[in-house]
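Source file entry03.cif; content: mmCIF, C-alpha atoms (C1' of nucleotides).
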data_my_file
#
loop_
_atom_site.group_PDB
_atom_site.id
_atom_site.type_symbol
_atom_site.label_atom_id
_atom_site.label_comp_id
_atom_site.auth_asym_id
_atom_site.auth_seq_id
_atom_site.Cartn_x
_atom_site.Cartn_y
_atom_site.Cartn_z
ATOM 1 C CA MET A 1 96.126 382.523 227.492
ATOM 2 C CA ASP A 2 94.406 379.805 229.294
ATOM 3 C CA HIS A 3 95.202 380.113 232.903
ATOM 4 C CA ASP A 4 91.554 379.704 233.793
ATOM 5 C CA ASP A 5 91.046 376.045 234.597
ATOM 6 C CA ASP A 6 87.462 374.939 234.359
ATOM 7 C CA SER A 7 88.558 371.548 235.544
ATOM 8 C CA PRO A 8 86.583 370.210 238.512
ATOM 9 C CA GLU A 9 89.798 369.641 240.381
ATOM 10 C CA SER A 10 90.810 373.234 239.955
ATOM 11 C CA ILE A 11 87.445 374.317 241.296
ATOM 12 C CA ASP A 12 87.923 372.101 244.330
ATOM 13 C CA GLN A 13 91.356 373.573 244.816
ATOM 14 C CA ARG A 14 89.965 377.097 244.820
ATOM 15 C CA ILE A 15 87.287 376.175 247.329
ATOM 16 C CA TRP A 16 89.804 374.493 249.594
ATOM 17 C CA LEU A 17 92.048 377.536 249.518
ATOM 18 C CA THR A 18 89.108 379.718 250.452
ATOM 19 C CA VAL A 19 88.286 377.453 253.368
ATOM 20 C CA CYS A 20 91.914 377.637 254.466
ATOM 21 C CA ALA A 21 91.478 381.395 254.606
ATOM 22 C CA ILE A 22 89.021 381.106 257.473
ATOM 23 C CA PRO A 23 90.801 382.438 260.555
ATOM 24 C CA ARG A 24 91.214 380.105 263.470
ATOM 25 C CA GLY A 25 88.379 380.275 265.940
ATOM 26 C CA MET A 26 85.862 381.426 263.349
ATOM 27 C CA VAL A 27 83.330 379.784 261.070
ATOM 28 C CA ALA A 28 81.827 380.502 257.656
ATOM 29 C CA THR A 29 78.785 379.289 255.770
ATOM 30 C CA TYR A 30 78.856 377.278 252.560
ATOM 31 C CA GLY A 31 77.296 380.207 250.762
ATOM 32 C CA ASP A 32 79.932 382.609 252.045
ATOM 33 C CA ILE A 33 82.699 380.307 250.882
ATOM 34 C CA ALA A 34 81.087 379.933 247.483
ATOM 35 C CA GLN A 35 80.796 383.660 247.015
ATOM 36 C CA ARG A 36 84.342 384.242 248.163
ATOM 37 C CA ALA A 37 85.534 381.477 245.854
ATOM 38 C CA GLY A 38 84.027 383.288 242.907
ATOM 39 C CA MET A 39 80.865 381.233 242.425
ATOM 40 C CA PRO A 40 77.935 382.766 244.247
ATOM 41 C CA GLY A 41 74.929 380.529 244.634
ATOM 42 C CA ALA A 42 77.049 377.413 244.347
ATOM 43 C CA ALA A 43 76.946 376.544 248.006
ATOM 44 C CA ARG A 44 76.284 372.926 247.125
ATOM 45 C CA ARG A 45 79.454 372.835 245.069
ATOM 46 C CA VAL A 46 81.335 373.731 248.244
ATOM 47 C CA GLY A 47 79.829 370.740 249.998
ATOM 48 C CA VAL A 48 80.996 368.491 247.175
ATOM 49 C CA ALA A 49 84.528 369.867 247.351
ATOM 50 C CA LEU A 50 84.718 369.361 251.090
ATOM 51 C CA ARG A 51 83.378 365.846 250.739
ATOM 52 C CA ARG A 52 86.243 365.105 248.374
ATOM 53 C CA LEU A 53 88.814 366.076 250.970
ATOM 54 C CA PRO A 54 91.127 363.266 252.057
ATOM 55 C CA ARG A 55 91.420 362.241 255.688
ATOM 56 C CA GLY A 56 93.986 364.083 257.718
ATOM 57 C CA THR A 57 93.784 367.068 255.404
ATOM 58 C CA SER A 58 95.212 370.373 256.508
ATOM 59 C CA VAL A 59 92.079 372.100 255.269
ATOM 60 C CA PRO A 60 89.931 373.292 258.185
ATOM 61 C CA TRP A 61 86.712 371.859 256.715
ATOM 62 C CA TYR A 62 85.146 371.873 260.171
ATOM 63 C CA ARG A 63 85.006 375.660 260.099
ATOM 64 C CA VAL A 64 82.310 375.479 257.442
ATOM 65 C CA VAL A 65 78.726 375.295 258.658
ATOM 66 C CA ASN A 66 75.337 375.740 257.055
ATOM 67 C CA ALA A 67 73.255 378.916 257.089
ATOM 68 C CA SER A 68 71.619 377.781 260.311
ATOM 69 C CA GLY A 69 74.957 377.836 262.052
ATOM 70 C CA ARG A 70 74.788 374.075 262.465
ATOM 71 C CA SER A 71 76.779 371.164 261.139
ATOM 72 C CA SER A 72 75.385 369.972 257.857
ATOM 73 C CA LEU A 73 77.009 366.595 258.291
ATOM 74 C CA PRO A 74 75.138 363.458 259.251
ATOM 75 C CA PRO A 75 75.273 362.557 262.938
ATOM 76 C CA GLY A 76 78.107 360.279 263.948
ATOM 77 C CA PRO A 77 81.695 360.171 265.250
ATOM 78 C CA ASP A 78 82.977 361.032 261.764
ATOM 79 C CA GLY A 79 80.268 363.564 261.086
ATOM 80 C CA ALA A 80 78.642 366.372 263.023
ATOM 81 C CA ASP A 81 80.048 365.040 266.255
ATOM 82 C CA ARG A 82 83.576 365.276 264.910
ATOM 83 C CA GLN A 83 83.039 368.784 263.612
ATOM 84 C CA HIS A 84 81.554 369.903 266.865
ATOM 85 C CA ALA A 85 84.520 368.573 268.808
ATOM 86 C CA LEU A 86 87.089 370.202 266.540
ATOM 87 C CA LEU A 87 85.332 373.551 266.739
ATOM 88 C CA GLN A 88 85.099 373.328 270.470
ATOM 89 C CA GLU A 89 88.856 372.958 270.577
ATOM 90 C CA GLU A 90 89.094 376.328 268.878
ATOM 91 C CA GLY A 91 86.730 377.902 271.326
ATOM 92 C CA VAL A 92 83.640 377.709 269.152
ATOM 93 C CA ALA A 93 80.627 376.008 270.633
ATOM 94 C CA LEU A 94 77.702 375.644 268.259
ATOM 95 C CA LEU A 95 75.326 375.411 271.136
ATOM 96 C CA PRO A 96 71.790 376.629 270.556
ATOM 97 C CA GLY A 97 70.859 379.788 272.349
ATOM 98 C CA THR A 98 74.426 380.964 272.773
ATOM 99 C CA GLY A 99 74.504 382.672 269.413
ATOM 100 C CA ALA A 100 78.081 381.471 269.059
ATOM 101 C CA PHE A 101 77.638 381.071 265.334
ATOM 102 C CA ARG A 102 76.838 384.715 264.661
ATOM 103 C CA LYS A 103 79.459 385.703 267.120
ATOM 104 C CA HIS A 104 82.212 383.762 265.380
ATOM 105 C CA ARG A 105 80.932 384.097 261.837
ATOM 106 C CA TRP A 106 83.629 385.084 259.406
ATOM 107 C CA ARG A 107 82.911 387.048 256.320
ATOM 108 C "C1'" DA B 1 71.491 363.989 226.518
ATOM 109 C "C1'" DT B 2 68.283 362.983 230.654
ATOM 110 C "C1'" DC B 3 67.461 361.978 235.477
ATOM 111 C "C1'" DT B 4 68.894 361.644 240.233
ATOM 112 C "C1'" DT B 5 71.596 363.014 244.135
ATOM 113 C "C1'" DG B 6 73.897 366.162 247.319
ATOM 114 C "C1'" DA B 7 78.544 368.191 253.821
ATOM 115 C "C1'" DC B 8 73.092 374.359 250.719
ATOM 116 C "C1'" DA B 9 69.893 378.619 251.128
ATOM 117 C "C1'" DA B 10 65.795 381.358 251.424
ATOM 118 C "C1'" DT B 11 60.820 381.432 252.101
ATOM 119 C "C1'" DT B 12 56.525 380.091 254.173
ATOM 120 C "C1'" DG B 13 53.151 377.933 257.520
ATOM 121 C "C1'" DG C 1 62.011 377.834 266.475
ATOM 122 C "C1'" DC C 2 61.076 373.869 263.498
ATOM 123 C "C1'" DA C 3 59.320 371.330 259.294
ATOM 124 C "C1'" DA C 4 58.143 371.389 254.592
ATOM 125 C "C1'" DT C 5 58.807 373.443 249.839
ATOM 126 C "C1'" DT C 6 61.324 375.539 246.050
ATOM 127 C "C1'" DG C 7 65.350 377.214 243.788
ATOM 128 C "C1'" DC C 8 70.350 376.684 242.397
ATOM 129 C "C1'" DC C 9 74.435 374.533 240.422
ATOM 130 C "C1'" DA C 10 77.432 370.805 239.320
ATOM 131 C "C1'" DA C 11 78.796 365.801 239.545
ATOM 132 C "C1'" DG C 12 77.611 360.935 238.786
ATOM 133 C "C1'" DA C 13 74.976 356.925 236.678
#
Show how you would write the structure in this file as structure tokens.
Amino acid sequence: MDHDDDSPESIDQRIWLTVCAIPRGMVATYGDIAQRAGMPGAARRVGVALRRLPRGTSVPWYRVVNASGRSSLPPGPDGADRQHALLQEEGVALLPGTGAFRKHRWR
DNA sequence: ATCTTGACAATTG
DNA sequence: GCAATTGCCAAGA
């Protein structure tokens, strides 16, 4: 029985669902998402999946940060700046020195 | 089939 | 704490 889809779209779907599982007000790393999605070491694959997300998606992509606890997106209003703003609305400030990342890290 | 790129991670200086 | 290097895995040209 082939219920295991190796299709790229199915992989994206699984990653998105995992991201949706991140509780509000918390953040997770790409590596954590990858491991939880069933593909440890494929942190980059997570980045690809998130990049493929449409605008106005219900997937909380902004809750995913890199291992440094920082936005991995390029600077700009539609990049790190956007992510930072959205997280701040949930009470998460990725400010250096505050240790907010470790404090709100979800695993 | 080969090479390059990418919203990463861990290690080292 | 930051910058450079190496490793990993999959998608795109």
Env of DG7 of chain C: 12 Å cut, atoms = all atoms listed in the file, seq-sep filter 3 positions within chain, self excluded. Answer as a list of chain:residue names.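 Non-adjacent residues within range: A:Gly41, A:Ala42, B:DC8, B:DA9, B:DA10, B:DT11.
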Closest atom pairs, residues of chain A within 10 Å of chain B, all atoms listed in the file, as CSV:
residue,atom,partner,partner_atom,distance
A:Thr29,CA,B:DC8,C1',9.1
A:Tyr30,CA,B:DC8,C1',6.7
A:Gly31,CA,B:DC8,C1',7.2
A:Gly41,CA,B:DA9,C1',8.4
A:Ala42,CA,B:DC8,C1',8.1
A:Ala43,CA,B:DC8,C1',5.2
A:Arg44,CA,B:DC8,C1',5.0
A:Arg45,CA,B:DC8,C1',8.6
A:Val46,CA,B:DA7,C1',8.3
A:Gly47,CA,B:DA7,C1',4.8
A:Val48,CA,B:DA7,C1',7.1
A:Ala49,CA,B:DA7,C1',9.0
A:Leu50,CA,B:DA7,C1',6.9
A:Arg51,CA,B:DA7,C1',6.2
A:Arg52,CA,B:DA7,C1',9.9
A:Trp61,CA,B:DA7,C1',9.4
A:Tyr62,CA,B:DA7,C1',9.9
A:Val64,CA,B:DA7,C1',9.0
A:Val65,CA,B:DA7,C1',8.6
A:Asn66,CA,B:DC8,C1',6.9
A:Ala67,CA,B:DA9,C1',6.9
A:Ser68,CA,B:DA9,C1',9.4
A:Ser71,CA,B:DA7,C1',8.1
A:Ser72,CA,B:DA7,C1',5.4
A:Leu73,CA,B:DA7,C1',5.0
A:Pro74,CA,B:DA7,C1',8.0
A:Gly79,CA,B:DA7,C1',8.8
A:Ala80,CA,B:DA7,C1',9.4
Residues picked by the PyMOL selection byres ((chain A and resi 107) around 10) here, as JSON, numbers by chain? {"A": [22, 26, 27, 28, 29, 32, 33, 36, 104, 105, 106]}
So that each row is one residue of chain C with an atom at most 12 Å from chain A, can you give its shortest atom pair and the distance in Å to one decimal, using all atoms listed in the file, rows by chain and rising number, as JSON lines?
{"residue": "C:DG1", "atom": "C1'", "partner": "A:Pro96", "partner_atom": "CA", "distance": 10.7}
{"residue": "C:DC2", "atom": "C1'", "partner": "A:Ser68", "partner_atom": "CA", "distance": 11.7}
{"residue": "C:DG7", "atom": "C1'", "partner": "A:Gly41", "partner_atom": "CA", "distance": 10.2}
{"residue": "C:DC8", "atom": "C1'", "partner": "A:Gly41", "partner_atom": "CA", "distance": 6.4}
{"residue": "C:DC9", "atom": "C1'", "partner": "A:Ala42", "partner_atom": "CA", "distance": 5.5}
{"residue": "C:DA10", "atom": "C1'", "partner": "A:Arg45", "partner_atom": "CA", "distance": 6.4}
{"residue": "C:DA11", "atom": "C1'", "partner": "A:Val48", "partner_atom": "CA", "distance": 8.4}
{"residue": "C:DG12", "atom": "C1'", "partner": "A:Val48", "partner_atom": "CA", "distance": 11.8}
Find the residues around Asp81 of chain A up to 12 Å (all atoms listed in the file counted), leave out those fewer than 3 positions away in its own chain, and share them as a ChimeraX atom specification. /A:62,70-78,84-88,93-94
Print the selection's residues with C-alpha atoms to a file, as a PDB file, in the frame of the given file.
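Writing done, so here's part.pdb:
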ATOM      1  CA  TYR A  62      85.146 371.873 260.171  1.00  0.00           C
ATOM      2  CA  ARG A  70      74.788 374.075 262.465  1.00  0.00           C
ATOM      3  CA  SER A  71      76.779 371.164 261.139  1.00  0.00           C
ATOM      4  CA  SER A  72      75.385 369.972 257.857  1.00  0.00           C
ATOM      5  CA  LEU A  73      77.009 366.595 258.291  1.00  0.00           C
ATOM      6  CA  PRO A  74      75.138 363.458 259.251  1.00  0.00           C
ATOM      7  CA  PRO A  75      75.273 362.557 262.938  1.00  0.00           C
ATOM      8  CA  GLY A  76      78.107 360.279 263.948  1.00  0.00           C
ATOM      9  CA  PRO A  77      81.695 360.171 265.250  1.00  0.00           C
ATOM     10  CA  ASP A  78      82.977 361.032 261.764  1.00  0.00           C
ATOM     11  CA  HIS A  84      81.554 369.903 266.865  1.00  0.00           C
ATOM     12  CA  ALA A  85      84.520 368.573 268.808  1.00  0.00           C
ATOM     13  CA  LEU A  86      87.089 370.202 266.540  1.00  0.00           C
ATOM     14  CA  LEU A  87      85.332 373.551 266.739  1.00  0.00           C
ATOM     15  CA  GLN A  88      85.099 373.328 270.470  1.00  0.00           C
ATOM     16  CA  ALA A  93      80.627 376.008 270.633  1.00  0.00           C
ATOM     17  CA  LEU A  94      77.702 375.644 268.259  1.00  0.00           C
TER      18      LEU A  94
END
Have a look at atom CA of Thr57 of chain A and atom CA of Gly25 of chain A and let me know their distance in Å, one decimal.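 Pair atom CA of Thr57 of chain A / atom CA of Gly25 of chain A returns 17.7 Å.
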Can you work out the spacing between atom CA of Thr18 of chain A and atom CA of Leu95 of chain A in Å, to one decimal?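 Atom-to-atom, atom CA of Thr18 of chain A and atom CA of Leu95 of chain A are spaced 25.2 Å apart.
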Calculate, to one decimal in Å, the centre and edge lengths of the box along x, y and z of the file that holds all listed atoms of segment 5-10 of chain B with 4 Å of margin on each side, and present them as lines of an AutoDock Vina configuration file.
center_x = 72.2
center_y = 372.2
center_z = 249.0
size_x = 20.7
size_y = 26.3
size_z = 17.7
